[in-house]
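Reproduced below: query-v4.pdb, with PDB, C-alpha atoms, pLDDT in the B column.
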ATOM      1  CA  MET A   1       0.000   0.000   0.000  1.00 49.00           C
ATOM      2  CA  THR A   2       2.928   2.338   0.629  1.00 55.00           C
ATOM      3  CA  ASP A   3       3.876   2.154  -3.077  1.00 62.00           C
ATOM      4  CA  THR A   4       0.495   3.658  -3.953  1.00 66.00           C
ATOM      5  CA  TYR A   5       1.458   6.951  -2.295  1.00 73.00           C
ATOM      6  CA  LEU A   6       5.217   6.842  -2.926  1.00 78.00           C
ATOM      7  CA  SER A   7       5.243   8.845  -6.154  1.00 75.00           C
ATOM      8  CA  GLY A   8       3.219  11.664  -4.595  1.00 74.00           C
ATOM      9  CA  MET A   9       5.428  11.677  -1.526  1.00 79.00           C
ATOM     10  CA  LEU A  10       8.568  11.891  -3.670  1.00 83.00           C
ATOM     11  CA  LEU A  11       7.122  14.752  -5.715  1.00 78.00           C
ATOM     12  CA  ALA A  12       6.157  16.590  -2.540  1.00 77.00           C
ATOM     13  CA  TYR A  13       9.625  16.074  -1.080  1.00 78.00           C
ATOM     14  CA  LEU A  14      11.259  17.349  -4.286  1.00 78.00           C
ATOM     15  CA  ALA A  15       9.032  20.436  -4.198  1.00 73.00           C
ATOM     16  CA  SER A  16      10.059  21.113  -0.600  1.00 75.00           C
ATOM     17  CA  LEU A  17      13.736  20.673  -1.524  1.00 75.00           C
ATOM     18  CA  LEU A  18      13.505  23.136  -4.393  1.00 69.00           C
ATOM     19  CA  GLY A  19      11.603  25.566  -2.198  1.00 67.00           C
ATOM     20  CA  MET A  20      14.303  25.358   0.472  1.00 69.00           C
ATOM     21  CA  LEU A  21      17.094  25.947  -2.061  1.00 63.00           C
ATOM     22  CA  SER A  22      15.458  28.949  -3.726  1.00 62.00           C
ATOM     23  CA  PRO A  23      16.873  32.267  -2.427  1.00 62.00           C
ATOM     24  CA  GLY A  24      14.645  34.096   0.004  1.00 72.00           C
ATOM     25  CA  PRO A  25      14.633  36.060   3.262  1.00 79.00           C
ATOM     26  CA  ASN A  26      15.271  32.893   5.274  1.00 84.00           C
ATOM     27  CA  ILE A  27      18.477  31.880   3.470  1.00 82.00           C
ATOM     28  CA  LEU A  28      19.826  35.432   3.284  1.00 81.00           C
ATOM     29  CA  ALA A  29      19.153  35.948   6.984  1.00 86.00           C
ATOM     30  CA  VAL A  30      21.018  32.734   7.870  1.00 89.00           C
ATOM     31  CA  ILE A  31      23.963  33.671   5.644  1.00 86.00           C
ATOM     32  CA  GLY A  32      24.156  37.253   6.900  1.00 83.00           C
ATOM     33  CA  THR A  33      23.874  36.262  10.564  1.00 87.00           C
ATOM     34  CA  SER A  34      26.476  33.484  10.227  1.00 88.00           C
ATOM     35  CA  MET A  35      29.006  35.818   8.602  1.00 83.00           C
ATOM     36  CA  SER A  36      28.430  38.801  10.877  1.00 80.00           C
ATOM     37  CA  THR A  37      27.734  37.226  14.275  1.00 84.00           C
ATOM     38  CA  GLY A  38      29.099  33.700  14.079  1.00 86.00           C
ATOM     39  CA  ARG A  39      28.206  30.046  13.656  1.00 90.00           C
ATOM     40  CA  ALA A  40      26.220  29.651  16.881  1.00 91.00           C
ATOM     41  CA  ALA A  41      23.874  32.528  16.021  1.00 91.00           C
ATOM     42  CA  GLY A  42      23.527  31.314  12.436  1.00 91.00           C
ATOM     43  CA  LYS A  43      22.681  27.787  13.557  1.00 94.00           C
ATOM     44  CA  ALA A  44      20.117  29.062  16.066  1.00 94.00           C
ATOM     45  CA  LEU A  45      18.450  31.166  13.372  1.00 94.00           C
ATOM     46  CA  ALA A  46      18.560  28.201  10.958  1.00 94.00           C
ATOM     47  CA  LEU A  47      16.783  25.987  13.488  1.00 96.00           C
ATOM     48  CA  GLY A  48      14.168  28.715  13.965  1.00 95.00           C
ATOM     49  CA  VAL A  49      13.526  28.772  10.217  1.00 94.00           C
ATOM     50  CA  ALA A  50      13.207  24.980  10.205  1.00 94.00           C
ATOM     51  CA  ALA A  51      10.767  25.152  13.130  1.00 95.00           C
ATOM     52  CA  GLY A  52       8.706  27.652  11.138  1.00 93.00           C
ATOM     53  CA  SER A  53       8.643  25.228   8.212  1.00 91.00           C
ATOM     54  CA  LEU A  54       7.461  22.470  10.537  1.00 93.00           C
ATOM     55  CA  ALA A  55       4.698  24.730  11.851  1.00 92.00           C
ATOM     56  CA  TRP A  56       3.505  25.634   8.350  1.00 89.00           C
ATOM     57  CA  GLY A  57       3.573  21.969   7.332  1.00 89.00           C
ATOM     58  CA  ALA A  58       1.557  20.900  10.370  1.00 89.00           C
ATOM     59  CA  LEU A  59      -0.960  23.717   9.898  1.00 84.00           C
ATOM     60  CA  THR A  60      -1.395  22.827   6.240  1.00 82.00           C
ATOM     61  CA  LEU A  61      -1.926  19.182   7.079  1.00 82.00           C
ATOM     62  CA  LEU A  62      -4.510  20.156   9.696  1.00 80.00           C
ATOM     63  CA  GLY A  63      -6.544  22.236   7.277  1.00 75.00           C
ATOM     64  CA  LEU A  64      -4.803  25.515   6.430  1.00 57.00           C
ATOM     65  CA  THR A  65      -5.857  25.009   2.807  1.00 54.00           C
ATOM     66  CA  ALA A  66      -9.515  25.077   3.791  1.00 61.00           C
ATOM     67  CA  LEU A  67      -8.936  28.059   6.091  1.00 62.00           C
ATOM     68  CA  LEU A  68      -7.366  30.166   3.359  1.00 56.00           C
ATOM     69  CA  ALA A  69     -10.118  29.168   0.951  1.00 58.00           C
ATOM     70  CA  LEU A  70     -12.838  30.254   3.373  1.00 62.00           C
ATOM     71  CA  TYR A  71     -11.131  33.328   4.817  1.00 61.00           C
ATOM     72  CA  ALA A  72      -9.124  35.315   2.289  1.00 58.00           C
ATOM     73  CA  SER A  73      -8.384  37.867   5.001  1.00 65.00           C
ATOM     74  CA  ALA A  74      -6.178  35.285   6.772  1.00 62.00           C
ATOM     75  CA  LEU A  75      -3.653  35.394   3.938  1.00 61.00           C
ATOM     76  CA  THR A  76      -3.921  39.193   3.803  1.00 70.00           C
ATOM     77  CA  MET A  77      -2.977  39.453   7.470  1.00 71.00           C
ATOM     78  CA  ILE A  78      -0.046  37.072   6.924  1.00 63.00           C
ATOM     79  CA  LYS A  79       1.133  39.215   4.015  1.00 68.00           C
ATOM     80  CA  ILE A  80       0.971  42.454   5.999  1.00 77.00           C
ATOM     81  CA  ALA A  81       2.793  40.971   9.005  1.00 70.00           C
ATOM     82  CA  GLY A  82       5.471  39.455   6.775  1.00 63.00           C
ATOM     83  CA  ALA A  83       5.995  42.668   4.822  1.00 73.00           C
ATOM     84  CA  PHE A  84       6.451  44.807   7.925  1.00 78.00           C
ATOM     85  CA  TYR A  85       8.783  42.286   9.534  1.00 67.00           C
ATOM     86  CA  LEU A  86      10.935  42.320   6.385  1.00 70.00           C
ATOM     87  CA  LEU A  87      11.005  46.119   6.575  1.00 81.00           C
ATOM     88  CA  LEU A  88      12.289  45.828  10.147  1.00 77.00           C
ATOM     89  CA  LEU A  89      15.073  43.542   8.932  1.00 71.00           C
ATOM     90  CA  ALA A  90      15.809  46.023   6.131  1.00 80.00           C
ATOM     91  CA  PHE A  91      16.145  48.851   8.657  1.00 84.00           C
ATOM     92  CA  ARG A  92      18.594  46.818  10.734  1.00 76.00           C
ATOM     93  CA  SER A  93      20.627  45.919   7.647  1.00 76.00           C
ATOM     94  CA  PHE A  94      20.824  49.546   6.473  1.00 85.00           C
ATOM     95  CA  ARG A  95      21.764  50.692   9.979  1.00 82.00           C
ATOM     96  CA  SER A  96      24.625  48.203   9.980  1.00 74.00           C
ATOM     97  CA  ALA A  97      25.626  49.215   6.443  1.00 77.00           C
ATOM     98  CA  PHE A  98      25.947  52.885   7.418  1.00 82.00           C
ATOM     99  CA  SER A  99      27.899  52.040  10.576  1.00 76.00           C
ATOM    100  CA  LYS A 100      31.671  52.418  10.171  1.00 68.00           C
ATOM    101  CA  THR A 101      32.350  49.308  12.248  1.00 60.00           C
ATOM    102  CA  ASP A 102      30.541  46.033  12.899  1.00 52.00           C
ATOM    103  CA  GLN A 103      30.512  46.613  16.660  1.00 41.00           C
ATOM    104  CA  ALA A 104      26.853  47.611  16.686  1.00 36.00           C
ATOM    105  CA  GLU A 105      25.866  44.353  14.994  1.00 42.00           C
ATOM    106  CA  SER A 106      27.986  42.365  17.452  1.00 39.00           C
ATOM    107  CA  ASP A 107      26.291  44.042  20.394  1.00 35.00           C
ATOM    108  CA  VAL A 108      22.880  43.201  18.985  1.00 38.00           C
ATOM    109  CA  GLY A 109      23.908  39.550  18.563  1.00 44.00           C
ATOM    110  CA  ALA A 110      25.250  39.285  22.087  1.00 41.00           C
ATOM    111  CA  ALA A 111      22.105  40.813  23.554  1.00 41.00           C
ATOM    112  CA  ALA A 112      19.773  38.579  21.547  1.00 63.00           C
ATOM    113  CA  GLY A 113      21.425  35.260  22.416  1.00 82.00           C
ATOM    114  CA  PRO A 114      20.639  31.897  20.784  1.00 85.00           C
ATOM    115  CA  TRP A 115      16.952  32.043  21.715  1.00 89.00           C
ATOM    116  CA  GLY A 116      16.672  35.519  20.205  1.00 89.00           C
ATOM    117  CA  TYR A 117      18.085  34.290  16.912  1.00 92.00           C
ATOM    118  CA  PHE A 118      15.899  31.166  16.996  1.00 94.00           C
ATOM    119  CA  ARG A 119      12.853  33.378  17.506  1.00 91.00           C
ATOM    120  CA  ARG A 120      13.980  35.660  14.665  1.00 90.00           C
ATOM    121  CA  GLY A 121      14.271  32.710  12.280  1.00 90.00           C
ATOM    122  CA  LEU A 122      10.881  31.413  13.398  1.00 92.00           C
ATOM    123  CA  LEU A 123       9.238  34.799  12.773  1.00 89.00           C
ATOM    124  CA  ILE A 124      10.872  35.146   9.362  1.00 87.00           C
ATOM    125  CA  GLN A 125       9.349  31.846   8.285  1.00 88.00           C
ATOM    126  CA  LEU A 126       5.978  32.222   9.983  1.00 88.00           C
ATOM    127  CA  THR A 127       5.389  35.686   8.469  1.00 82.00           C
ATOM    128  CA  ASN A 128       6.372  34.548   4.973  1.00 77.00           C
ATOM    129  CA  PRO A 129       3.167  34.066   2.933  1.00 71.00           C
ATOM    130  CA  LYS A 130       5.122  32.262   0.224  1.00 69.00           C
ATOM    131  CA  ALA A 131       5.907  29.565   2.779  1.00 77.00           C
ATOM    132  CA  ALA A 132       2.183  29.042   3.349  1.00 73.00           C
ATOM    133  CA  LEU A 133       1.438  28.840  -0.356  1.00 69.00           C
ATOM    134  CA  THR A 134       4.409  26.551  -0.963  1.00 71.00           C
ATOM    135  CA  TRP A 135       3.131  24.164   1.692  1.00 78.00           C
ATOM    136  CA  VAL A 136      -0.325  24.187   0.149  1.00 71.00           C
ATOM    137  CA  ALA A 137       1.293  23.134  -3.142  1.00 69.00           C
ATOM    138  CA  ILE A 138       3.462  20.514  -1.437  1.00 75.00           C
ATOM    139  CA  MET A 139       0.559  18.894   0.362  1.00 74.00           C
ATOM    140  CA  SER A 140      -1.586  18.917  -2.777  1.00 70.00           C
ATOM    141  CA  LEU A 141       1.078  16.755  -4.430  1.00 71.00           C
ATOM    142  CA  ALA A 142       1.104  14.222  -1.604  1.00 75.00           C
ATOM    143  CA  MET A 143      -2.511  14.231  -0.466  1.00 71.00           C
ATOM    144  CA  GLY A 144      -5.676  13.383  -2.327  1.00 65.00           C
ATOM    145  CA  PRO A 145      -9.150  12.050  -1.608  1.00 64.00           C
ATOM    146  CA  GLY A 146      -8.820   9.134   0.762  1.00 70.00           C
ATOM    147  CA  THR A 147      -5.079   9.562   1.344  1.00 74.00           C
ATOM    148  CA  PRO A 148      -4.251   8.586   4.953  1.00 80.00           C
ATOM    149  CA  HIS A 149      -2.879  11.284   7.211  1.00 78.00           C
ATOM    150  CA  TRP A 150       0.334   9.355   7.842  1.00 83.00           C
ATOM    151  CA  VAL A 151       1.378  10.212   4.263  1.00 83.00           C
ATOM    152  CA  GLY A 152       1.112  13.924   4.973  1.00 82.00           C
ATOM    153  CA  ALA A 153       2.835  13.507   8.329  1.00 87.00           C
ATOM    154  CA  ALA A 154       5.729  11.688   6.663  1.00 88.00           C
ATOM    155  CA  VAL A 155       6.091  14.500   4.112  1.00 87.00           C
ATOM    156  CA  VAL A 156       6.022  17.167   6.822  1.00 90.00           C
ATOM    157  CA  LEU A 157       8.711  15.422   8.892  1.00 92.00           C
ATOM    158  CA  ALA A 158      10.911  14.774   5.838  1.00 89.00           C
ATOM    159  CA  ALA A 159      10.607  18.396   4.728  1.00 89.00           C
ATOM    160  CA  PHE A 160      11.402  19.593   8.265  1.00 92.00           C
ATOM    161  CA  ALA A 161      14.580  17.478   8.329  1.00 91.00           C
ATOM    162  CA  ASN A 162      15.422  18.798   4.881  1.00 88.00           C
ATOM    163  CA  SER A 163      14.960  22.402   5.994  1.00 90.00           C
ATOM    164  CA  ALA A 164      16.947  21.925   9.215  1.00 93.00           C
ATOM    165  CA  LEU A 165      19.907  20.238   7.517  1.00 92.00           C
ATOM    166  CA  GLY A 166      19.907  22.637   4.586  1.00 89.00           C
ATOM    167  CA  HIS A 167      19.819  25.831   6.642  1.00 92.00           C
ATOM    168  CA  LEU A 168      22.368  24.468   9.117  1.00 94.00           C
ATOM    169  CA  ALA A 169      24.660  23.739   6.172  1.00 91.00           C
ATOM    170  CA  TYR A 170      24.350  27.381   5.100  1.00 89.00           C
ATOM    171  CA  ALA A 171      25.148  28.506   8.641  1.00 92.00           C
ATOM    172  CA  VAL A 172      28.261  26.320   8.865  1.00 93.00           C
ATOM    173  CA  ALA A 173      29.515  27.154   5.360  1.00 89.00           C
ATOM    174  CA  PHE A 174      29.192  30.909   5.778  1.00 87.00           C
ATOM    175  CA  SER A 175      30.694  31.040   9.275  1.00 87.00           C
ATOM    176  CA  THR A 176      34.110  29.728   8.144  1.00 87.00           C
ATOM    177  CA  GLN A 177      37.123  31.982   8.472  1.00 82.00           C
ATOM    178  CA  PRO A 178      37.368  32.767   4.719  1.00 84.00           C
ATOM    179  CA  ALA A 179      33.690  33.734   4.697  1.00 77.00           C
ATOM    180  CA  VAL A 180      34.079  35.863   7.830  1.00 73.00           C
ATOM    181  CA  THR A 181      37.169  37.578   6.386  1.00 78.00           C
ATOM    182  CA  ALA A 182      35.344  38.301   3.140  1.00 75.00           C
ATOM    183  CA  TYR A 183      32.372  39.616   5.076  1.00 68.00           C
ATOM    184  CA  ARG A 184      34.515  42.015   7.094  1.00 71.00           C
ATOM    185  CA  ARG A 185      35.976  43.421   3.876  1.00 79.00           C
ATOM    186  CA  MET A 186      32.609  43.814   2.202  1.00 80.00           C
ATOM    187  CA  ARG A 187      30.348  44.180   5.257  1.00 74.00           C
ATOM    188  CA  ARG A 188      28.776  47.481   4.325  1.00 81.00           C
ATOM    189  CA  TRP A 189      28.054  46.378   0.761  1.00 84.00           C
ATOM    190  CA  ILE A 190      26.600  43.054   1.904  1.00 76.00           C
ATOM    191  CA  ASP A 191      24.408  44.656   4.567  1.00 77.00           C
ATOM    192  CA  GLY A 192      23.267  47.292   2.063  1.00 84.00           C
ATOM    193  CA  ALA A 193      22.385  44.584  -0.447  1.00 82.00           C
ATOM    194  CA  LEU A 194      20.471  42.656   2.227  1.00 75.00           C
ATOM    195  CA  GLY A 195      18.568  45.811   3.131  1.00 81.00           C
ATOM    196  CA  CYS A 196      17.624  46.367  -0.520  1.00 86.00           C
ATOM    197  CA  PHE A 197      16.520  42.765  -0.879  1.00 76.00           C
ATOM    198  CA  PHE A 198      14.373  42.871   2.250  1.00 74.00           C
ATOM    199  CA  CYS A 199      12.721  46.075   0.981  1.00 84.00           C
ATOM    200  CA  PHE A 200      12.088  44.495  -2.414  1.00 82.00           C
ATOM    201  CA  ALA A 201      10.706  41.313  -0.833  1.00 71.00           C
ATOM    202  CA  SER A 202       8.405  43.391   1.371  1.00 77.00           C
ATOM    203  CA  TYR A 203       7.162  45.303  -1.690  1.00 80.00           C
ATOM    204  CA  LYS A 204       6.543  42.078  -3.620  1.00 74.00           C
ATOM    205  CA  ILE A 205       4.562  40.606  -0.727  1.00 66.00           C
ATOM    206  CA  LEU A 206       2.352  43.687  -0.397  1.00 74.00           C
ATOM    207  CA  THR A 207       1.706  43.965  -4.148  1.00 77.00           C
ATOM    208  CA  SER A 208       1.331  40.284  -4.994  1.00 65.00           C
ATOM    209  CA  ARG A 209      -2.092  39.016  -6.004  1.00 63.00           C
ATOM    210  CA  ASP A 210      -1.534  35.459  -4.651  1.00 54.00           C
TER     211      ASP A 210
END
The structure in this file should be written as structure tokens.
Amino acid sequence: MTDTYLSGMLLAYLASLLGMLSPGPNILAVIGTSMSTGRAAGKALALGVAAGSLAWGALTLLGLTALLALYASALTMIKIAGAFYLLLLAFRSFRSAFSKTDQAESDVGAAAGPWGYFRRGLLIQLTNPKAALTWVAIMSLAMGPGTPHWVGAAVVLAAFANSALGHLAYAVAFSTQPAVTAYRRMRRWIDGALGCFFCFASYKILTSRD
């Protein structure tokens, strides 16, 4: 009986993998945090992003699709919250870019602590409407009329592991000494680019018709 649902599960897993690899606020936040503040902060933020993915997957499995279909305002509220949170991240990036040293960013990291970065990653993912829509697409590939819930649960857990390992890999790769050295040379340009991206992403969320 497992073979009956295997193709849909594989398609859903592939969709989650491609979604995780596509550039977005989550990946850029992990990369920027890992380079500027260090591996521990980057890993904490990566785990927060993965936890957000798990939450979206569980909510979708429990009926988020029906909720969004019945209440269009739910997606509108998600969009507004996500857009304003991205603007907050843009402000922080621009503030760092215009600072002559990276001391201000270091102080922020030390004050936030691992839990602060985990919470930041969680909020980035939870306020990302594209994450909700991606999960709706993922679950539609795996689930159909009469499909048992264990199929959806297996997809959610596999995608969560995929997200955790993938984002942790970004955190480790971009917290190496060569990456840190490169970041210190180009910090202001990188932070400025992140600020521009977060502004653009916020604009796209607010103007999208999804």
- [ ] Take atom CA of Gly8 of chain A and atom CA of Ala55 of chain A and report the distance between them in Å, one decimal.
- [x]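 Going from atom CA of Gly8 of chain A over to atom CA of Ala55 of chain A covers 21.1 Å.
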Task: Long-range neighbours of Ser140 of chain A as an MDAnalysis selection string, 10 Å cut-off, all atoms listed in the file, 6 positions minimum in chain - done: chainID A and resid 8 12 60:61 65 134 152
TODO: Counting all atoms listed in the file, figure out which residue out of A:His149, A:Lys43, A:Arg185, A:Lys204 gets nearest to Ala164 of chain A.
DONE: A:Lys43
TODO: Considering only C-alpha atoms, state which residue in the set A:Phe200, A:Trp135, A:Trp189, A:Tyr117 is at the smallest distance from Gly38 of chain A.
DONE: A:Tyr117
Open item on the list: Can you spell out as a PyMOL selection string the set of residues that the PyMOL selection byres ((chain A and resi 151) around 10) selects in the structure I just provided?
Closed with: chain A and resi 2+5-6+8-9+61+139+142-143+147-150+152-156
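Straight-line separation from atom CA of Ala41 of chain A to atom CA of Arg187 of chain A: 17.1 Å.
Here atom CA of Trp56 of chain A and atom CA of Leu126 of chain A stand 7.2 Å from one another.
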- [ ] Give the answer as one residue: which of A:Phe174, A:Phe160, A:Phe118, A:Phe91 has the shortest atom-to-atom distance to Asp191 of chain A, using all atoms listed in the file?
- [x]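 The closest residue to Asp191 of chain A is A:Phe91.
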Each side padded by 3 Å, which centre and which edge lengths in Å (one decimal) define the axis-aligned box around the listed atoms of segment 44-53 of chain A? Give them as lines of an AutoDock Vina configuration file.
center_x = 14.4
center_y = 28.1
center_z = 12.1
size_x = 17.5
size_y = 12.2
size_z = 13.9
- [ ] Would you mind listing what lies within 9 Å of Gly32 of chain A as a PyMOL selection string, with only C-alpha atoms counted and same-chain residues fewer than 5 positions away left out?
- [x] chain A and resi 27+37+42+171+174+183+190-191+194
Task: Of the listed residues A:Val49, A:Leu28, A:Leu54, A:Leu141, that which approaches Leu123 of chain A most closely, counting all atoms listed in the file - done: A:Val49
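Distance check against Leu88 of chain A using all atoms listed in the file: of A:Leu62, A:Arg120, A:Ala182, A:Gly48, the minimum falls on A:Arg120.
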Open item on the list: Let me make sure I understand: among A:Leu168, A:Met77, A:Ala161, A:Ala97, which one has the smallest atom-to-atom distance to Gly192 of chain A if we use all atoms listed in the file?
Closed with: A:Ala97
Task: Contact residues around Phe84 of chain A with all atoms listed in the file at 10 Å, ignoring same-chain residues under 3 positions, as number ranges by chain - done: A: 79-81, 87-90, 127, 198-199, 202-203, 205-206
Restricted to C-alpha atoms, what would the selected residues look like written as an mmCIF file, in the coordinates of the input?
data_model
loop_
_atom_site.group_PDB
_atom_site.id
_atom_site.type_symbol
_atom_site.label_atom_id
_atom_site.label_comp_id
_atom_site.auth_asym_id
_atom_site.auth_seq_id
_atom_site.Cartn_x
_atom_site.Cartn_y
_atom_site.Cartn_z
ATOM 1 C CA LYS A 79 1.133 39.215 4.015
ATOM 2 C CA ILE A 80 0.971 42.454 5.999
ATOM 3 C CA ALA A 81 2.793 40.971 9.005
ATOM 4 C CA LEU A 87 11.005 46.119 6.575
ATOM 5 C CA LEU A 88 12.289 45.828 10.147
ATOM 6 C CA LEU A 89 15.073 43.542 8.932
ATOM 7 C CA ALA A 90 15.809 46.023 6.131
ATOM 8 C CA THR A 127 5.389 35.686 8.469
ATOM 9 C CA PHE A 198 14.373 42.871 2.250
ATOM 10 C CA CYS A 199 12.721 46.075 0.981
ATOM 11 C CA SER A 202 8.405 43.391 1.371
ATOM 12 C CA TYR A 203 7.162 45.303 -1.690
ATOM 13 C CA ILE A 205 4.562 40.606 -0.727
ATOM 14 C CA LEU A 206 2.352 43.687 -0.397
#
Translate the PyMOL selection byres ((chain A and resi 26) around 8) into a concrete residue list for this structure, as a compact mmCIF listing (two decimals) with C-alpha atoms, in the frame of the given file.
# COMPACT_ATOMS: atom_id res chain seq x y z
CA PRO A 23 16.87 32.27 -2.43
CA GLY A 24 14.64 34.10 0.00
CA PRO A 25 14.63 36.06 3.26
CA ILE A 27 18.48 31.88 3.47
CA LEU A 28 19.83 35.43 3.28
CA ALA A 29 19.15 35.95 6.98
CA VAL A 30 21.02 32.73 7.87
CA VAL A 49 13.53 28.77 10.22
CA GLY A 121 14.27 32.71 12.28
CA ILE A 124 10.87 35.15 9.36
CA GLN A 125 9.35 31.85 8.28
